[in-house]
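S.K.: This is data.csv, which holds CSV, C-alpha atoms:
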chain,number,residue,atom,x,y,z
A,4,MET,CA,31.4,-65.3,8.3
A,5,THR,CA,33.9,-63.2,10.2
A,6,TYR,CA,35.4,-60.0,8.7
A,7,GLU,CA,38.7,-61.9,8.4
A,8,GLU,CA,37.1,-64.7,6.5
A,9,ILE,CA,35.4,-62.4,4.1
A,10,ALA,CA,38.6,-60.4,3.6
A,11,ALA,CA,40.5,-63.5,2.8
A,12,LEU,CA,37.8,-64.6,0.3
A,13,TYR,CA,38.0,-61.4,-1.6
A,14,GLY,CA,41.6,-60.5,-1.1
A,15,VAL,CA,41.0,-57.3,0.8
A,16,THR,CA,41.6,-56.0,4.3
A,17,LYS,CA,39.4,-56.6,7.3
A,18,GLY,CA,38.9,-52.8,7.5
A,19,ALA,CA,37.7,-52.7,3.9
A,20,VAL,CA,35.1,-55.4,4.7
A,21,TYR,CA,33.9,-53.4,7.7
A,22,TRP,CA,33.6,-50.1,5.8
A,23,GLN,CA,31.6,-51.8,3.0
A,24,LEU,CA,29.3,-53.4,5.5
A,25,ARG,CA,29.0,-50.2,7.5
A,26,ASP,CA,28.2,-48.1,4.4
A,27,SER,CA,25.5,-50.5,3.3
A,28,GLY,CA,23.9,-50.4,6.8
A,29,GLN,CA,24.8,-54.0,7.7
A,30,VAL,CA,26.8,-53.2,10.8
A,31,LYS,CA,25.3,-52.5,14.2
A,32,THR,CA,26.2,-49.1,15.4
A,33,ARG,CA,28.2,-49.0,18.6
A,34,PRO,CA,26.8,-46.9,21.5
A,35,ASP,CA,28.5,-43.5,22.0
A,36,HIS,CA,29.7,-43.0,25.6
A,37,LYS,CA,31.5,-39.6,25.0
A,38,LYS,CA,29.1,-37.8,27.4
A,39,TYR,CA,30.6,-39.7,30.3
A,40,ILE,CA,33.9,-40.9,28.9
A,41,PRO,CA,35.3,-37.9,26.9
A,42,TRP,CA,38.9,-39.0,27.4
A,43,THR,CA,41.0,-41.2,25.1
A,44,VAL,CA,41.4,-44.1,27.6
A,45,LYS,CA,44.5,-46.3,27.6
A,46,THR,CA,43.8,-49.9,27.0
A,47,GLU,CA,45.0,-50.9,30.4
A,48,HIS,CA,42.5,-48.5,32.0
A,49,ALA,CA,39.5,-49.8,30.0
A,50,HIS,CA,38.2,-52.1,32.7
A,51,ALA,CA,38.7,-49.9,35.8
A,52,ARG,CA,35.6,-49.7,37.9
A,53,PRO,CA,34.8,-46.0,37.3
A,54,VAL,CA,34.9,-46.4,33.5
A,55,MET,CA,32.8,-49.6,33.6
A,56,MET,CA,30.2,-47.8,35.7
A,57,LEU,CA,30.3,-44.7,33.4
A,58,ARG,CA,29.6,-47.1,30.4
A,59,LEU,CA,26.7,-48.7,32.2
A,60,LEU,CA,25.3,-45.2,33.1
A,61,SER,CA,25.6,-44.2,29.4
A,62,ARG,CA,23.9,-47.4,28.3
A,63,ARG,CA,21.1,-47.0,30.7
A,64,GLU,CA,20.5,-43.3,29.6
A,65,GLN,CA,20.5,-44.4,26.0
A,66,GLY,CA,17.7,-46.9,26.7
A,67,ASP,CA,19.6,-50.2,26.7
A,68,THR,CA,17.1,-52.7,28.1
A,69,LYS,CA,19.6,-55.6,28.0
A,70,ILE,CA,21.6,-54.6,31.1
A,71,PRO,CA,21.4,-57.3,33.7
A,72,ALA,CA,19.6,-56.3,36.9
A,73,VAL,CA,22.7,-57.1,39.0
A,74,LYS,CA,24.7,-54.6,37.0
A,75,LEU,CA,22.0,-52.0,37.4
A,76,ARG,CA,22.1,-52.5,41.2
A,77,MET,CA,25.9,-52.2,41.1
A,78,LEU,CA,25.6,-48.9,39.1
A,79,ASP,CA,23.0,-47.5,41.5
A,80,LYS,CA,25.2,-48.4,44.5
A,81,TRP,CA,28.3,-46.8,42.9
A,82,LEU,CA,26.3,-43.6,42.0
A,83,ALA,CA,25.1,-43.4,45.6
A,84,GLU,CA,28.7,-43.8,46.9
A,85,ILE,CA,30.1,-41.0,44.7
A,86,LYS,CA,27.2,-38.7,45.5
A,87,THR,CA,27.5,-39.3,49.3
A,88,ALA,CA,31.3,-38.7,49.1
A,89,LYS,CA,30.7,-35.6,47.0
A,90,VAL,CA,33.3,-36.6,44.4
A,91,VAL,CA,33.6,-36.6,40.6
A,92,VAL,CA,35.4,-39.0,38.3
A,93,CYS,CA,38.6,-37.7,36.6
A,94,TYR,CA,41.1,-39.3,34.3
A,95,ARG,CA,44.8,-38.9,33.7
A,96,ARG,CA,46.7,-41.3,31.5
A,97,ASP,CA,49.7,-41.2,33.9
A,98,MET,CA,47.7,-41.5,37.1
A,99,VAL,CA,49.2,-44.2,39.4
A,100,PRO,CA,47.0,-46.8,41.1
A,101,ASN,CA,44.7,-45.3,43.7
A,102,PRO,CA,41.4,-46.0,45.4
A,103,ALA,CA,39.3,-45.5,42.2
A,104,SER,CA,41.5,-47.7,40.2
A,105,PRO,CA,43.7,-49.7,42.5
A,106,THR,CA,45.3,-52.1,39.9
A,107,THR,CA,46.0,-49.9,36.9
A,108,GLY,CA,45.5,-46.3,37.8
A,109,GLY,CA,44.2,-43.8,35.3
A,110,PHE,CA,40.8,-43.0,36.8
A,111,TYR,CA,40.6,-41.2,40.2
A,112,TYR,CA,38.0,-39.4,42.3
A,113,SER,CA,38.3,-35.7,43.1
A,114,LYS,CA,36.3,-33.6,45.5
A,115,ARG,CA,33.3,-32.0,43.9
A,116,ARG,CA,33.5,-28.3,43.1
A,117,PRO,CA,30.6,-25.8,42.7
A,118,GLU,CA,31.4,-25.6,39.0
A,119,ASP,CA,30.9,-29.3,38.6
A,120,GLY,CA,27.2,-28.9,39.0
A,121,ASP,CA,25.4,-32.2,38.7
A,122,MET,CA,28.0,-33.8,36.5
A,123,ILE,CA,29.7,-36.9,37.8
A,124,ILE,CA,32.9,-36.4,35.7
A,125,ARG,CA,35.2,-33.5,35.4
A,126,TYR,CA,36.9,-33.0,32.1
A,127,ASP,CA,39.2,-30.0,32.3
A,128,ALA,CA,42.8,-29.0,32.7
A,129,ASP,CA,42.8,-30.0,36.4
A,130,CYS,CA,42.2,-33.6,35.4
A,131,ASP,CA,45.1,-33.5,32.9
A,132,ASN,CA,47.8,-31.3,34.4
A,133,ALA,CA,47.9,-30.7,38.1
A,134,VAL,CA,48.8,-33.5,40.6
A,135,PRO,CA,45.4,-34.2,42.0
A,136,LYS,CA,44.3,-35.0,45.5
A,137,VAL,CA,42.8,-38.4,45.2
A,138,GLU,CA,39.7,-39.1,47.1
A,139,ASN,CA,38.3,-42.4,48.4
A,140,PRO,CA,34.5,-42.2,48.5
A,141,THR,CA,33.8,-45.3,50.5
A,142,GLY,CA,36.9,-45.7,52.6
A,143,SER,CA,37.0,-49.3,51.5
A,144,MET,CA,38.5,-49.3,48.0
When written as structure tokens, how does the structure in this file appear?
M.R.:
Amino acid sequence: MTYEEIAALYGVTKGAVYWQLRDSGQVKTRPDHKKYIPWTVKTEHAHARPVMMLRLLSRREQGDTKIPAVKLRMLDKWLAEIKTAKVVVCYRRDMVPNPASPTTGGFYYSKRRPEDGDMIIRYDADCDNAVPKVENPTGSM
């Protein structure tokens, strides 16, 4: 049964059904991607290429063995592109469409700085305040 069906049967909300199931250990836990996606991402930005790749990276690091081989190849290609271009992924809710996210905006690439270390994202004031210089790691996006 769906949460909605159970809720209707017992005259409670869908949320109440979820909470009861969660508290009794009957709900699968969702993977936590905060390491690579620390931002509160707008719904319209949820399917931009950078965030999809960051989710895949997080899943792989968490040991997910159900990622299709084609997606793993896409991830490896993307990681090589941003490494070669020496960029990091940043996010601003008001970012206009750009090479990283040509349809919806939000995500963008910024030149790597020494303080970025090995990270592939930058989560700091520069990603949220200043007007960034948007980079195009492949020249083809």
S.K.: Mind giving me the straight-line distance from CA of Glu64 in chain A to CA of Asp97 in chain A in Å, one decimal?
M.R.: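 Between CA of Glu64 in chain A and CA of Asp97 in chain A the gap works out to 29.6 Å.
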S.K.: What gap, in Å, lies between CA of Pro102 in chain A and CA of Gln65 in chain A?
M.R.: 28.6 Å
S.K.: For a quick check of your reading of the model, name the residues lying within 7 Å of the coordinate (38.8, -44.5, 39.3), counting all atoms listed in the file, and write them as JSON, numbers by chain.
M.R.: {"A": [51, 52, 53, 92, 102, 103, 104, 109, 110, 111, 112]}
S.K.: Go through A:Ala88, A:Met98, A:Ala11, A:Leu59 and flag the residue nearest Ala72 in chain A, using only C-alpha atoms for the distances.
M.R.: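 For Ala72 in chain A, the nearest of the given residues is A:Leu59.
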S.K.: Enter the distance from CA of Thr46 in chain A to CA of Ser61 in chain A, in Å, rounded to one decimal.
M.R.: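 Atom-to-atom, CA of Thr46 in chain A to CA of Ser61 in chain A, that is 19.2 Å.
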S.K.: Hey, which of A:Pro34, A:Pro41, A:Gly14, A:Gly120 ends up closest to Val90 in chain A? Count only C-alpha atoms.
M.R.: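 Answer, going by the shortest atom-to-atom distance: A:Gly120.
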S.K.: Can you work out which one of A:Arg125, A:Arg96, A:Lys114, A:Ser27 has the shortest atom-to-atom distance to Val44 in chain A, counting only C-alpha atoms?
M.R.: A:Arg96
S.K.: Which one is closest to Val30 in chain A: A:Pro100, A:Tyr6, A:Met56, A:Glu118? Count all atoms listed in the file.
M.R.: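 Nearest to Val30 in chain A: A:Tyr6.
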S.K.: Just checking: using only C-alpha atoms, which residue out of A:Trp81, A:Tyr126, A:Trp22, A:Tyr13 ends up closest to Met55 in chain A?
M.R.: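 Residue with the minimum atom-to-atom distance to Met55 in chain A: A:Trp81.
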S.K.: Name the closest residue to Thr107 in chain A among the candidates A:Arg76, A:Arg33, A:Val20, A:Tyr94; distances are taken between atoms, counting all atoms listed in the file.
M.R.: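 Ranked by minimum distance to Thr107 in chain A, first place goes to A:Tyr94.
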